[in-house]
Structure formats: C-alpha cells, structure tokens
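This report refers to the structure that appears directly beneath it.
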Amino acid sequence: MTVSATATGRTPSAVAPAARGGGVLPWLALPALLAFVAFAVIPLIGVLLLSFTSWDTLGTIQLTGLESWQSVLTDPGLPHALWVTFLITALSWAVQTPASILIGVFLAGHQRYRELLAVLYFVPLLLSSAAIAITYKALLDPNFGLGAGLHFDLLTQDWLGEPGLALGVVIFVVSWQFIPFHSLLYQGGVRQIPRSLYEAAELDGAGRVRMFFNITLPQLKYTVITSSTLMIVGSLTFFDLIFVLTEGGPADATRALALDMYKRGFQANLMGAACVIGVILVLVGLALALLLRRLGGRDPNASQLEGA
Amino acid sequence: MGLPLGAALAACGTSGPAPSGGGASGAAAGGNGGGGAKASYWFLSGPPGEAPRTAAVKRFNQANPNGQIDINVIQNDAYKTKIKTAIGANQAPTIIWGWGGGGLRSYVQAGQVEDLTSWFGENAAVKDRLFPGAFGAATIDGKIYAMPCETVQPIVLFYNKKVFEKVGVQPPQSYGDILDLVKKFNAAGIAPFSLAGQSRWTNMMWLEFLFDRISGPEVFQAVFDGEKDAWNNPASIEALTKMQELIKANGFIKGFSSVTADSNADQALLYTGKAAMMLHGSWSYGIQQAQGGDFVSSGGLGWMNFPPVDGGKGDPSDTVGNPGQYLSISSKATPEQKEIAKKFFATGVLDDAEQKEWVGTGGVPIVKGSDSLFSGSKDAEFLNFIYGVSSNAKVFAQSWDQALSPTAAEVLLDNIAKLFQLSISPQQFATNMNAVIGK
C-alpha cells in the first residue's frame, strides 16, 4: 500500500533505472546465446544436413536423401551399438550411484582425515581418460600385466579379449574414473541437510542406519537426480576410454554408439552415416534428460531447506 | 564452413615462421614469399623415417636455391586425419606422402593428384632404377599417380631360435609343419605364435599369406578389381576355414585378442621366449633389436618367408606387405611447385646418401642394386634376406587394408576380428565382405 503509493509518487527519473535494468538484462544474455548458437545450434544443423548426404571427406558432398539413414537404420550394427550403450549406461549407473552415495556420506563428516581422504579419492578424476585407459591396459595385460607379474592366477584373465569381461572392464574403469566426482556432489548434498533433522531423530532414538534411510537418502533426492542425469547423459558419449582400452573390440563387444560414430566417420570415411548416428545420439540424450527431469518432480529447483 | 576450418587445421601444423606463404598454407593460398616458388611436403615423424626424409630435403634445398621445399613433420595417426582434411579442403601440400593403394585411389577419384604416367615415360631412368613391384600400389586404372620411395617392407615369419633349440624342432618347411609345431610347442608350454590381435591388421597378415599360398594372388585381385561375390571363391573359404582351425588348435598366444601391436607387446612375447614364432612386418627386426636386449645380436632371432601350403597353387616366393611408400603431387599446386616436386623426384628421392641412411636404419631401399650397400652393416644378413625376398617375388601384394578403399578396409578389419574371435563362420565372413566389394 504505502510502497506502491510512494513508487507511483516518484518522479519519472527515479523509475528510469528500474526500467533500464529490465531492458539491459536480455542483452546480458546475448554473449551466452551467441556462443550457444555458434557452438551448439549451427553444428547441430550441420550434422543434420550432412546426414542426408554422402561424403567421403575428400570429394564433393553429394545430396543422397535418406540413403545414409536407410543404411544405418537397417544395419544390425545399430541395435547392437544401442544395446552396448544401454548396458554401459545402466550398469555404470548401478555401480557408481550406491558407491558415490556411501563415499559422499562418509566424506561429509568434518574430521581432518576425511578431508585428506576426499583429496585422495578425487585424484582419478584429475587424470585424463587416455592415461587411465593406457594404465589399465598395461595392468590387465594377460602376459605382462599385474596378474602375470604377481603370478596371481585370478588376475591373469584375458580381460580385454573376452567379450563379457571386456564390457565389465570398461564399466569398472569408467566407474573408477567418475565415482570421485559424484562422491563430491553427494558430499555437498549431505552437508546441506539441516542438523536439526538428525537431532530430532536422535531424540526419537533412531540409529545410524535408520537415519541414513529415513533422513539422508530422501533429502538427497535431488542430488541423486542431478548426479544421475550427468552420469547417464555423460555415458552416452563415452568414447576416449573405450577407444584406447578396447577399440570397440573384441569383435564389437564394446562398440558403443559414440565409438560407432567415430569408426563410421573417420575410419570408414562414411560421414553421412556417422552424422545419422550423431543425430540419434542427440535424440536419445534429449529424451533421457527430459525423462529424468520428469522423474525429478515438478520443480527440481525448489529449496529443500527447512523454513524456506 | 569447410574452408576456414581446413585453413585453420592446415595452419596450425605449419612449421617454421608461418605468416608469409610458408609451408602448408602457401600451396593453395598462392601467397609465395620472395625468393622463388616453394613447394611444400608433409610426411610422418618419428624413427626410423624422419631423419632420412628430412636430410633428403635438406640436400635438395642446398642444391636448388631457387626451388626450395618446405617440410612439415606430423605424427602417424594425426597425419592420416590431417592430410585427408587438407586435401578435402583444397589445402594439400605440393608433395603428398602416402601408402598408395586404396587411399591413393580416393585422391585420384577426387581429382586431387597429378597423373605422372607421361612424366615417368619421359624420365624412364627414374622409373627403371626402382623395384618394378613397387609400382603396383602407385597405379590406378593403368595410370601411375605416385612415385615409390623409401624402403620395402615384406611380411616375414620370425622365430625364436633359442626356443626352437630348447624344444628340439626345426623351422617349418610347409604349412603342415606349422600344424605339427603348434602341437609340440603347446605341449612344451610355449605359445606357438605371438599375435597382437586387438590391432586387427596383424591378423590380416595371416589371411594374406594363406590366400596367396593356397590359390595365388588371383582371389584377392578379383576382390580388388571389384568382381561380384569374389570372396565366395572356394579357395577363399578354404583359407578362412584353415585360419579358424589354427585358432581352435591354440596356434596363438592365449589372450591374443587383447594384445596390441603399438605397444610392441607381440614382439616382446617373441624375444622373451613366451612365444616361438611371429608373423610380422620386416620393421619388427629393428624393434626387437632396440627393445629385446641382446636377443638379435646374440643370434636368437630367425626369419624366413611364409612356407607353402601343401597342395596349394600359390608360388611360395611371393610375398605381401608394403612394396614401398609413395609420393604424389597435388593437382592444386602451382606449375612452379609441380616442377620443383618433379625435380625432387628425379634427383632427390632415394639418392645415394638417402639410400645409405635407410640401410643404416635397417631398411632396404626400393632401388635395384641397393644390396651393394649392405656389406659392412651388422644387419647385412637380414637386409640381404629382405632384398632377396622383395626382388625375387613375382608378386609383391600390397597389404589388403592399404589396397582397399578406407570404407571396405574398415569392414574387412572388423570382420577379421570377428573371424579370429570365432564369432562368425568363414561363409559369413565371405558374405559380409561381398557386400562391400567395389565400395
């Protein structure tokens, strides 16, 4: 009442800054928008256009309509690559999420040694995927690797030469690399949970396990969704690690979608077909991200803090 | 979009002070600096080839102050992508270093390289001094598009003499002997053959020899010529079946599917005595010499051409591998640049000094009579063997993945991996490969 009265009673010059601010704000978004158009929208349109052409990267680009789409969609390699991608996504999610939550909860305590451990746990994320893949490849070598060196038979498997084992190794190494990152997310999430909830539970006589399942886990809901979105969308594009570790082998056992795209485009020189895979990847990623947003409820940005 | 990207890619690898027409961008931008035209030349970095290549250009530049060559040295895998991008963007160097065969064919089809047939006709001396077998991979539809250069690299059957002595057996004289040796070595707890199966082209060398020894070069030639259903030839099915029999008989080291060639783990298996034999390119000699301690110098390494298959029609003196490396001239280069390149081909490539340097790296230059340079070399025995195999081979077939187009080669390598995993049958292999004949 009084506020609006004084506001309308102000001179136009005093209102001006607010109006100007409203005008400036959209302009501030312009650089980001331009970057988005230049680095996301235009390449995306380029890929879409290329998917209707045939191009061996050397000669001229020829418009061939739906030919590339037809060849990719009828190729039995595509369902296989989708299946491998799904397996890697689902299994690495299933391995990473519980491990990350447990490590995150553990690290959320405030003791000194936990800070130190947090730093140590974080190290894998600082290494490049290529370096990790080369290291694991050397360690797992059936003739010169860790198992052979220690004469430890259980470790001396043909890790990257058996289809099932190779897929397992890929999931393990991916998880090893990214659990630190997600643990960090969960550590932050746990520290956001109000102490008062635990104090109340303690008064009610709840044990640690009960508190974990009844307070910590429900309160971490949105962190789980954030972390899962990153994990799932990220694992759609796993490339470097698989490329160095197995090159999609043995016999296509680990040929995921992103690797399939690279092989078609840059090794077989079929740019049109590679672009089709690229478009499929975008669509699958988009669908998954939307699905996860749905699962997250109406308003994932709502505050979980008490009283807010 | 394409042009700026190509220019950017080309520019970021330019060696030396770039701005005024130096190196790569000079070729297409036409921005020649002062002091006469300059040709550009890109090639692979790293030992053993970088030093002789660089030195040959240096000598040429000293002798030709008015027609210099700028070099740009690029690492193997990066080179393959980069040269393709540059050619596609009309930013190719004047002199294009390559492997001939299918890659060269795609350059020819895109109209990007000069036809050198008439030039070789006028300069018969340049052509006649080289191994005739080296020209096969430079010839597309009867016309020559590249100058063979550098060294010949046949595939050789290497073996560990010490292991053979220990088990008390002799090197194989026939494919039947190989099967016997497989049993004996397996019984002695030594893997018969080392193989870097993850690299796929390593497996391919086996098929190349089995096909050749069983039926001669005709079957693969039919594939190369684009004949329909060429892989369905009974000889082809026989070779593929023999291959899987050898795998089932544990002919290869356990876990070969996860061994890679780029880490040289396959060679390590041979010189450490974990495996008795290995089919590999002649370049493996230098690697084992460098990494195998005293294995080569103490006479541990044995070598031979792949033995005949009993009842096979192929000529056992034939060989496969890399008959040479290749230099082409970009059709987009200026006339002055093309002249410099041709002068380099005639006077600079494989001159006496370069031949000596290649011999020093353990290579055999593809020049007739280059064996006269071997005396005094500590590797003379091996070099003479390679010279003999290469110059006596009636057919020196180019490696399949190099001979085919990149599209067909990728399908080939994929299917070879599956054949070796026993996840497809010989007939399925043939069917899958027939689908990409001529592509």
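Residue numbering restarts at 1 for every chain of the structure tokens, chains are lettered A, B, ... in their displayed order, and ligands are numbered from 1 as they appear.
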With only C-alpha atoms considered, list every residue of chain B at most 9 Å from chain A, as a ChimeraX atom specification. /B:81,84-89,106-107,109-112,197-199,254-259,265,269,274,405-411,414-421,423
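The protein and nucleic acid residues lying at most 6 Å from range 327-335 of chain B are B:Ala27, B:Thr94, B:Ile95, B:Ile96, B:Trp97, B:Gln112, B:Val113, B:Glu114, B:Ala146, B:Met147, with only C-alpha atoms considered and sequence neighbours fewer than 4 positions away removed.
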Choose the residue, out of A:Asp204, A:Asp153, A:Asp260, A:Glu199, that has the smallest atom-to-atom separation from Gly77 in chain A; count only C-alpha atoms. A:Asp260
Got a sec to tell me which of range 70-135 of chain B DSSP assigns to alpha helix (DSSP H), as a PyMOL selection string? chain B and resi 76-88+101-109+117-122+124-128
Take CA of Trp93 in chain A and CA of Ser183 in chain A and report the distance between them in Å, one decimal.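 For CA of Trp93 in chain A relative to CA of Ser183 in chain A, the distance reads 13.0 Å.
Each of A:Leu48, A:Leu165, A:Val123, A:Leu185 was checked against Ile101 in chain A using only C-alpha atoms; the smallest atom-to-atom distance is that of A:Leu185.
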Which of these residues is nearest to Pro48 in chain B, using only C-alpha atoms: B:Glu339, B:Leu383, B:Trp400, B:Ser284?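 Closest to Pro48 in chain B of all the choices is B:Ser284.
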Give me, as a PyMOL selection string, all polymer residues having an atom no more than 12 Å from Pro98 in chain A, counting only C-alpha atoms and skipping those fewer than 5 positions away in the same chain. chain A and resi 91-93+103-105+175+179+182-183+186+217+224+227-228
Preceding selection exported with C-alpha atoms as a PDB file, in the first residue's frame:
ATOM      1  CA  LEU A  91      25.492 -50.819 -15.318  1.00  0.00           C
ATOM      2  CA  SER A  92      27.856 -47.931 -14.723  1.00  0.00           C
ATOM      3  CA  TRP A  93      24.948 -46.033 -13.125  1.00  0.00           C
ATOM      4  CA  ILE A 103      31.580 -42.364  -0.081  1.00  0.00           C
ATOM      5  CA  GLY A 104      29.848 -38.983  -0.194  1.00  0.00           C
ATOM      6  CA  VAL A 105      28.061 -39.587   3.120  1.00  0.00           C
ATOM      7  CA  SER A 175      33.230 -46.012 -12.620  1.00  0.00           C
ATOM      8  CA  ILE A 179      32.912 -42.060  -8.721  1.00  0.00           C
ATOM      9  CA  HIS A 182      29.778 -37.922  -7.933  1.00  0.00           C
ATOM     10  CA  SER A 183      31.018 -38.522  -4.381  1.00  0.00           C
ATOM     11  CA  TYR A 186      26.866 -36.199  -2.621  1.00  0.00           C
ATOM     12  CA  LEU A 217      18.596 -40.665   1.404  1.00  0.00           C
ATOM     13  CA  VAL A 224      20.581 -38.223  -6.972  1.00  0.00           C
ATOM     14  CA  SER A 227      24.128 -36.890 -10.456  1.00  0.00           C
ATOM     15  CA  SER A 228      22.180 -39.490 -12.437  1.00  0.00           C
TER      16      SER A 228
END
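Nearest-residue note for Met205 in chain B: choosing from B:Ile83, B:Ile424, B:Ile340, B:Met278, the minimum distance belongs to B:Met278, counting only C-alpha atoms.
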In Å and to one decimal, CA of Gln192 in chain A is distant from CA of Arg210 in chain A by 18.8 Å
Which residues are close to range 364-381 of chain B, i.e. within 10 Å by only C-alpha atoms, leaving aside same-chain residues fewer than 3 positions away? Reply as an NGL selection string. :B and (127-134 or 148-153 or 282 or 285-286 or 296-297 or 323-325 or 350-352 or 354-361 or 384-388 or 390-391)
With N, CA and C atoms retained, could you export that selection as a CSV table (one decimal), in the first residue's frame?
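Writing done, so here's part.csv:
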chain,number,residue,atom,x,y,z
B,127,LYS,N,62.3,-44.3,-63.4
B,127,LYS,CA,61.4,-45.4,-63.1
B,127,LYS,C,62.2,-46.7,-63.0
B,128,ASP,N,63.2,-46.9,-64.0
B,128,ASP,CA,63.8,-48.2,-64.1
B,128,ASP,C,64.7,-48.5,-63.0
B,129,ARG,N,65.2,-47.5,-62.2
B,129,ARG,CA,66.1,-47.9,-61.1
B,129,ARG,C,65.4,-48.4,-59.9
B,130,LEU,N,64.0,-48.3,-59.9
B,130,LEU,CA,63.3,-48.8,-58.7
B,130,LEU,C,62.8,-50.2,-58.9
B,131,PHE,N,62.4,-50.9,-57.8
B,131,PHE,CA,61.8,-52.2,-57.9
B,131,PHE,C,60.5,-52.1,-58.7
B,132,PRO,N,60.4,-52.9,-59.8
B,132,PRO,CA,59.1,-52.8,-60.6
B,132,PRO,C,57.9,-53.2,-59.7
B,133,GLY,N,58.0,-54.1,-58.7
B,133,GLY,CA,56.9,-54.5,-57.9
B,133,GLY,C,56.3,-53.3,-57.1
B,134,ALA,N,57.2,-52.3,-56.9
B,134,ALA,CA,56.7,-51.1,-56.1
B,134,ALA,C,55.7,-50.3,-56.8
B,148,PRO,N,57.1,-44.3,-56.1
B,148,PRO,CA,57.5,-45.1,-55.0
B,148,PRO,C,58.8,-44.6,-54.3
B,149,CYS,N,58.9,-44.6,-53.0
B,149,CYS,CA,60.1,-44.1,-52.4
B,149,CYS,C,60.4,-45.0,-51.1
B,150,GLU,N,61.5,-44.6,-50.5
B,150,GLU,CA,61.9,-45.2,-49.3
B,150,GLU,C,62.2,-46.7,-49.3
B,151,THR,N,61.6,-47.5,-48.4
B,151,THR,CA,62.0,-48.9,-48.3
B,151,THR,C,60.9,-49.9,-48.6
B,152,VAL,N,61.3,-51.1,-48.8
B,152,VAL,CA,60.4,-52.2,-49.0
B,152,VAL,C,60.2,-52.9,-47.6
B,153,GLN,N,58.9,-53.3,-47.4
B,153,GLN,CA,58.7,-53.9,-46.1
B,153,GLN,C,57.8,-55.2,-46.2
B,282,SER,N,58.7,-56.5,-41.8
B,282,SER,CA,60.2,-56.5,-41.6
B,282,SER,C,60.7,-55.5,-40.7
B,285,TYR,N,62.2,-56.3,-37.1
B,285,TYR,CA,63.6,-56.6,-36.8
B,285,TYR,C,64.2,-55.4,-36.0
B,286,GLY,N,64.0,-54.2,-36.5
B,286,GLY,CA,64.6,-53.0,-35.8
B,286,GLY,C,64.0,-52.9,-34.4
B,296,VAL,N,68.7,-60.1,-30.6
B,296,VAL,CA,69.0,-60.2,-32.0
B,296,VAL,C,70.5,-60.3,-32.2
B,297,SER,N,71.3,-59.5,-31.4
B,297,SER,CA,72.8,-59.5,-31.6
B,297,SER,C,73.4,-60.9,-31.2
B,323,PRO,N,55.1,-52.7,-50.5
B,323,PRO,CA,56.1,-52.7,-51.5
B,323,PRO,C,56.9,-51.3,-51.6
B,324,GLY,N,56.4,-50.4,-50.9
B,324,GLY,CA,57.1,-49.1,-50.8
B,324,GLY,C,56.3,-48.1,-50.1
B,325,GLN,N,56.8,-46.8,-50.0
B,325,GLN,CA,56.0,-45.7,-49.6
B,325,GLN,C,55.8,-44.8,-50.8
B,350,LEU,N,65.6,-40.9,-52.9
B,350,LEU,CA,66.5,-42.1,-52.9
B,350,LEU,C,67.8,-41.9,-53.6
B,351,ASP,N,68.4,-40.7,-53.4
B,351,ASP,CA,69.8,-40.5,-53.9
B,351,ASP,C,70.7,-41.4,-53.1
B,352,ASP,N,72.0,-41.4,-53.5
B,352,ASP,CA,72.9,-42.4,-52.8
B,352,ASP,C,72.9,-42.2,-51.3
B,354,GLU,N,70.6,-40.9,-49.3
B,354,GLU,CA,69.4,-41.3,-48.7
B,354,GLU,C,69.4,-42.9,-48.6
B,355,GLN,N,69.8,-43.5,-49.7
B,355,GLN,CA,69.8,-45.0,-49.6
B,355,GLN,C,70.7,-45.5,-48.4
B,356,LYS,N,71.9,-44.8,-48.3
B,356,LYS,CA,72.8,-45.3,-47.2
B,356,LYS,C,72.1,-45.1,-45.8
B,357,GLU,N,71.4,-43.9,-45.7
B,357,GLU,CA,70.7,-43.7,-44.4
B,357,GLU,C,69.6,-44.7,-44.1
B,358,TRP,N,68.9,-45.1,-45.2
B,358,TRP,CA,67.8,-46.1,-44.9
B,358,TRP,C,68.5,-47.4,-44.5
B,359,VAL,N,69.6,-47.8,-45.2
B,359,VAL,CA,70.2,-49.0,-44.8
B,359,VAL,C,70.7,-49.0,-43.4
B,360,GLY,N,71.1,-47.8,-43.0
B,360,GLY,CA,71.5,-47.6,-41.6
B,360,GLY,C,70.4,-47.8,-40.6
B,361,THR,N,69.2,-47.6,-41.0
B,361,THR,CA,68.0,-47.8,-40.1
B,361,THR,C,67.5,-49.2,-40.2
B,384,ASN,N,70.0,-58.6,-46.6
B,384,ASN,CA,70.1,-59.4,-47.8
B,384,ASN,C,68.9,-60.3,-48.0
B,385,PHE,N,68.4,-60.8,-46.9
B,385,PHE,CA,67.2,-61.7,-47.0
B,385,PHE,C,66.0,-60.9,-47.5
B,386,ILE,N,65.8,-59.7,-46.9
B,386,ILE,CA,64.7,-58.9,-47.4
B,386,ILE,C,64.9,-58.4,-48.8
B,387,TYR,N,66.1,-58.1,-49.2
B,387,TYR,CA,66.3,-57.7,-50.6
B,387,TYR,C,66.0,-58.9,-51.5
B,388,GLY,N,66.4,-60.1,-51.1
B,388,GLY,CA,66.2,-61.3,-51.9
B,388,GLY,C,64.7,-61.5,-52.1
B,390,SER,N,62.2,-59.5,-51.7
B,390,SER,CA,61.5,-58.5,-52.4
B,390,SER,C,61.8,-58.4,-53.9
B,391,SER,N,63.0,-58.6,-54.2
B,391,SER,CA,63.4,-58.5,-55.6
B,391,SER,C,63.0,-59.8,-56.4
When DSSP works through the backbone of this structure, what residues of range 129-171 of chain B end up as strand (DSSP E or B), shown as a PyMOL selection string? chain B and resi 130+139-140+143-144+147-149+151-160
12 Å contact set for Gly189 in chain B, only C-alpha atoms, chain neighbours under 2 positions out, as a ChimeraX atom specification: /B:163,166-167,182-187,191-192,250,253-254,273-276
Write the residues you've just listed into a file as a CSV table (one decimal), in the first residue's frame, and include all heavy atoms for each of them.
chain,number,residue,atom,x,y,z
B,163,VAL,N,64.2,-70.9,-28.5
B,163,VAL,CA,63.1,-71.7,-28.1
B,163,VAL,C,63.0,-73.0,-29.0
B,163,VAL,O,62.7,-74.1,-28.5
B,163,VAL,CB,61.8,-70.9,-28.2
B,163,VAL,CG1,60.6,-71.8,-28.0
B,163,VAL,CG2,61.8,-69.8,-27.2
B,166,LYS,N,65.5,-75.4,-27.7
B,166,LYS,CA,65.1,-75.9,-26.4
B,166,LYS,C,64.1,-77.1,-26.6
B,166,LYS,O,64.1,-78.1,-26.0
B,166,LYS,CB,64.4,-74.8,-25.5
B,166,LYS,CG,64.4,-75.1,-24.1
B,166,LYS,CD,64.1,-73.9,-23.3
B,166,LYS,CE,62.6,-73.8,-22.9
B,166,LYS,NZ,62.1,-72.6,-22.3
B,167,VAL,N,63.1,-76.9,-27.5
B,167,VAL,CA,62.1,-77.9,-27.8
B,167,VAL,C,62.6,-79.0,-28.7
B,167,VAL,O,62.1,-80.0,-28.8
B,167,VAL,CB,60.8,-77.2,-28.3
B,167,VAL,CG1,59.7,-78.2,-28.6
B,167,VAL,CG2,60.3,-76.2,-27.3
B,182,VAL,N,52.7,-76.5,-33.8
B,182,VAL,CA,51.7,-75.9,-32.8
B,182,VAL,C,51.5,-77.0,-31.7
B,182,VAL,O,51.6,-76.6,-30.5
B,182,VAL,CB,50.4,-75.6,-33.6
B,182,VAL,CG1,49.3,-75.5,-32.6
B,182,VAL,CG2,50.6,-74.4,-34.4
B,183,LYS,N,51.4,-78.2,-32.1
B,183,LYS,CA,51.2,-79.3,-31.1
B,183,LYS,C,52.4,-79.4,-30.1
B,183,LYS,O,52.3,-79.4,-28.9
B,183,LYS,CB,50.9,-80.6,-31.7
B,183,LYS,CG,49.5,-80.7,-32.3
B,183,LYS,CD,49.3,-82.1,-32.9
B,183,LYS,CE,48.3,-82.1,-34.1
B,183,LYS,NZ,48.7,-82.7,-35.3
B,184,LYS,N,53.6,-79.4,-30.8
B,184,LYS,CA,54.8,-79.6,-30.0
B,184,LYS,C,55.0,-78.4,-29.0
B,184,LYS,O,55.4,-78.6,-27.8
B,184,LYS,CB,56.0,-79.7,-30.9
B,184,LYS,CG,56.0,-81.1,-31.5
B,184,LYS,CD,57.2,-81.3,-32.4
B,184,LYS,CE,57.1,-82.7,-33.1
B,184,LYS,NZ,57.8,-82.7,-34.4
B,185,PHE,N,54.8,-77.2,-29.5
B,185,PHE,CA,55.1,-76.0,-28.6
B,185,PHE,C,54.0,-76.0,-27.5
B,185,PHE,O,54.4,-75.6,-26.4
B,185,PHE,CB,55.1,-74.7,-29.4
B,185,PHE,CG,56.4,-74.5,-30.1
B,185,PHE,CD1,56.5,-74.4,-31.5
B,185,PHE,CD2,57.6,-74.4,-29.4
B,185,PHE,CE1,57.8,-74.2,-32.1
B,185,PHE,CE2,58.8,-74.2,-30.0
B,185,PHE,CZ,58.9,-74.1,-31.4
B,186,ASN,N,52.8,-76.3,-27.9
B,186,ASN,CA,51.8,-76.2,-26.8
B,186,ASN,C,52.1,-77.3,-25.8
B,186,ASN,O,51.9,-77.0,-24.6
B,186,ASN,CB,50.4,-76.5,-27.5
B,186,ASN,CG,49.8,-75.2,-28.0
B,186,ASN,OD1,50.0,-74.1,-27.4
B,186,ASN,ND2,48.9,-75.3,-29.0
B,187,ALA,N,52.6,-78.5,-26.2
B,187,ALA,CA,52.9,-79.5,-25.2
B,187,ALA,C,54.1,-79.0,-24.3
B,187,ALA,O,54.1,-79.4,-23.2
B,187,ALA,CB,53.3,-80.8,-26.0
B,191,ALA,N,53.7,-70.7,-26.2
B,191,ALA,CA,52.7,-70.4,-27.3
B,191,ALA,C,53.4,-70.5,-28.6
B,191,ALA,O,54.5,-70.0,-28.8
B,191,ALA,CB,52.2,-69.0,-27.1
B,192,PRO,N,52.7,-71.2,-29.6
B,192,PRO,CA,53.3,-71.3,-30.9
B,192,PRO,C,53.6,-70.0,-31.6
B,192,PRO,O,54.7,-69.7,-32.1
B,192,PRO,CB,52.3,-72.2,-31.7
B,192,PRO,CG,51.6,-72.9,-30.7
B,192,PRO,CD,51.5,-72.0,-29.5
B,250,ASN,N,44.7,-73.7,-30.8
B,250,ASN,CA,45.6,-72.9,-29.9
B,250,ASN,C,46.9,-72.5,-30.6
B,250,ASN,O,47.9,-72.6,-29.9
B,250,ASN,CB,45.8,-73.6,-28.6
B,250,ASN,CG,44.5,-73.8,-27.8
B,250,ASN,OD1,43.7,-72.9,-27.8
B,250,ASN,ND2,44.4,-74.9,-27.2
B,253,ILE,N,48.9,-67.2,-29.0
B,253,ILE,CA,49.1,-67.0,-27.6
B,253,ILE,C,47.7,-66.7,-26.9
B,253,ILE,O,46.9,-66.1,-27.5
B,253,ILE,CB,50.1,-65.8,-27.3
B,253,ILE,CG1,50.3,-65.6,-25.8
B,253,ILE,CG2,49.5,-64.5,-27.9
B,253,ILE,CD1,51.7,-65.7,-25.4
B,254,LYS,N,47.6,-67.3,-25.7
B,254,LYS,CA,46.3,-67.1,-25.0
B,254,LYS,C,46.1,-65.6,-24.8
B,254,LYS,O,47.0,-64.9,-24.4
B,254,LYS,CB,46.4,-67.8,-23.7
B,254,LYS,CG,45.2,-67.9,-22.9
B,254,LYS,CD,45.3,-68.8,-21.7
B,254,LYS,CE,44.2,-68.6,-20.7
B,254,LYS,NZ,44.5,-67.5,-19.7
B,273,GLY,N,60.6,-65.3,-25.3
B,273,GLY,CA,60.5,-66.7,-25.4
B,273,GLY,C,59.2,-67.3,-24.9
B,273,GLY,O,59.0,-68.5,-24.8
B,274,LYS,N,58.2,-66.4,-24.7
B,274,LYS,CA,56.8,-66.8,-24.3
B,274,LYS,C,56.1,-67.4,-25.6
B,274,LYS,O,55.2,-68.2,-25.5
B,274,LYS,CB,56.0,-65.7,-23.7
B,274,LYS,CG,56.4,-65.3,-22.3
B,274,LYS,CD,55.5,-64.2,-21.8
B,274,LYS,CE,56.1,-63.4,-20.7
B,274,LYS,NZ,56.0,-63.8,-19.4
B,275,ALA,N,56.6,-66.9,-26.7
B,275,ALA,CA,56.0,-67.4,-28.0
B,275,ALA,C,57.2,-67.8,-28.9
B,275,ALA,O,58.3,-67.2,-28.8
B,275,ALA,CB,55.1,-66.4,-28.7
B,276,ALA,N,56.9,-68.8,-29.8
B,276,ALA,CA,58.0,-69.4,-30.6
B,276,ALA,C,58.2,-68.6,-31.9
B,276,ALA,O,59.3,-68.5,-32.4
B,276,ALA,CB,57.8,-70.8,-30.8
Go ahead and compute the interatomic distance for CA of Val233 in chain A and CA of Ala130 in chain A, in Å to one decimal.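 These atoms are spaced 20.0 Å apart.
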Looking at only C-alpha atoms, which of B:Ile287, B:Val320, B:Ala124, B:Leu301 is the one that sits closest to Leu210 in chain B?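 Nearest to Leu210 in chain B: B:Val320.
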Within 9 Å of Gly312 in chain B, counting only C-alpha atoms, which residues show up once you throw out same-chain ones fewer than 4 positions away? Write them as number ranges by chain, please. B: 212-216, 308
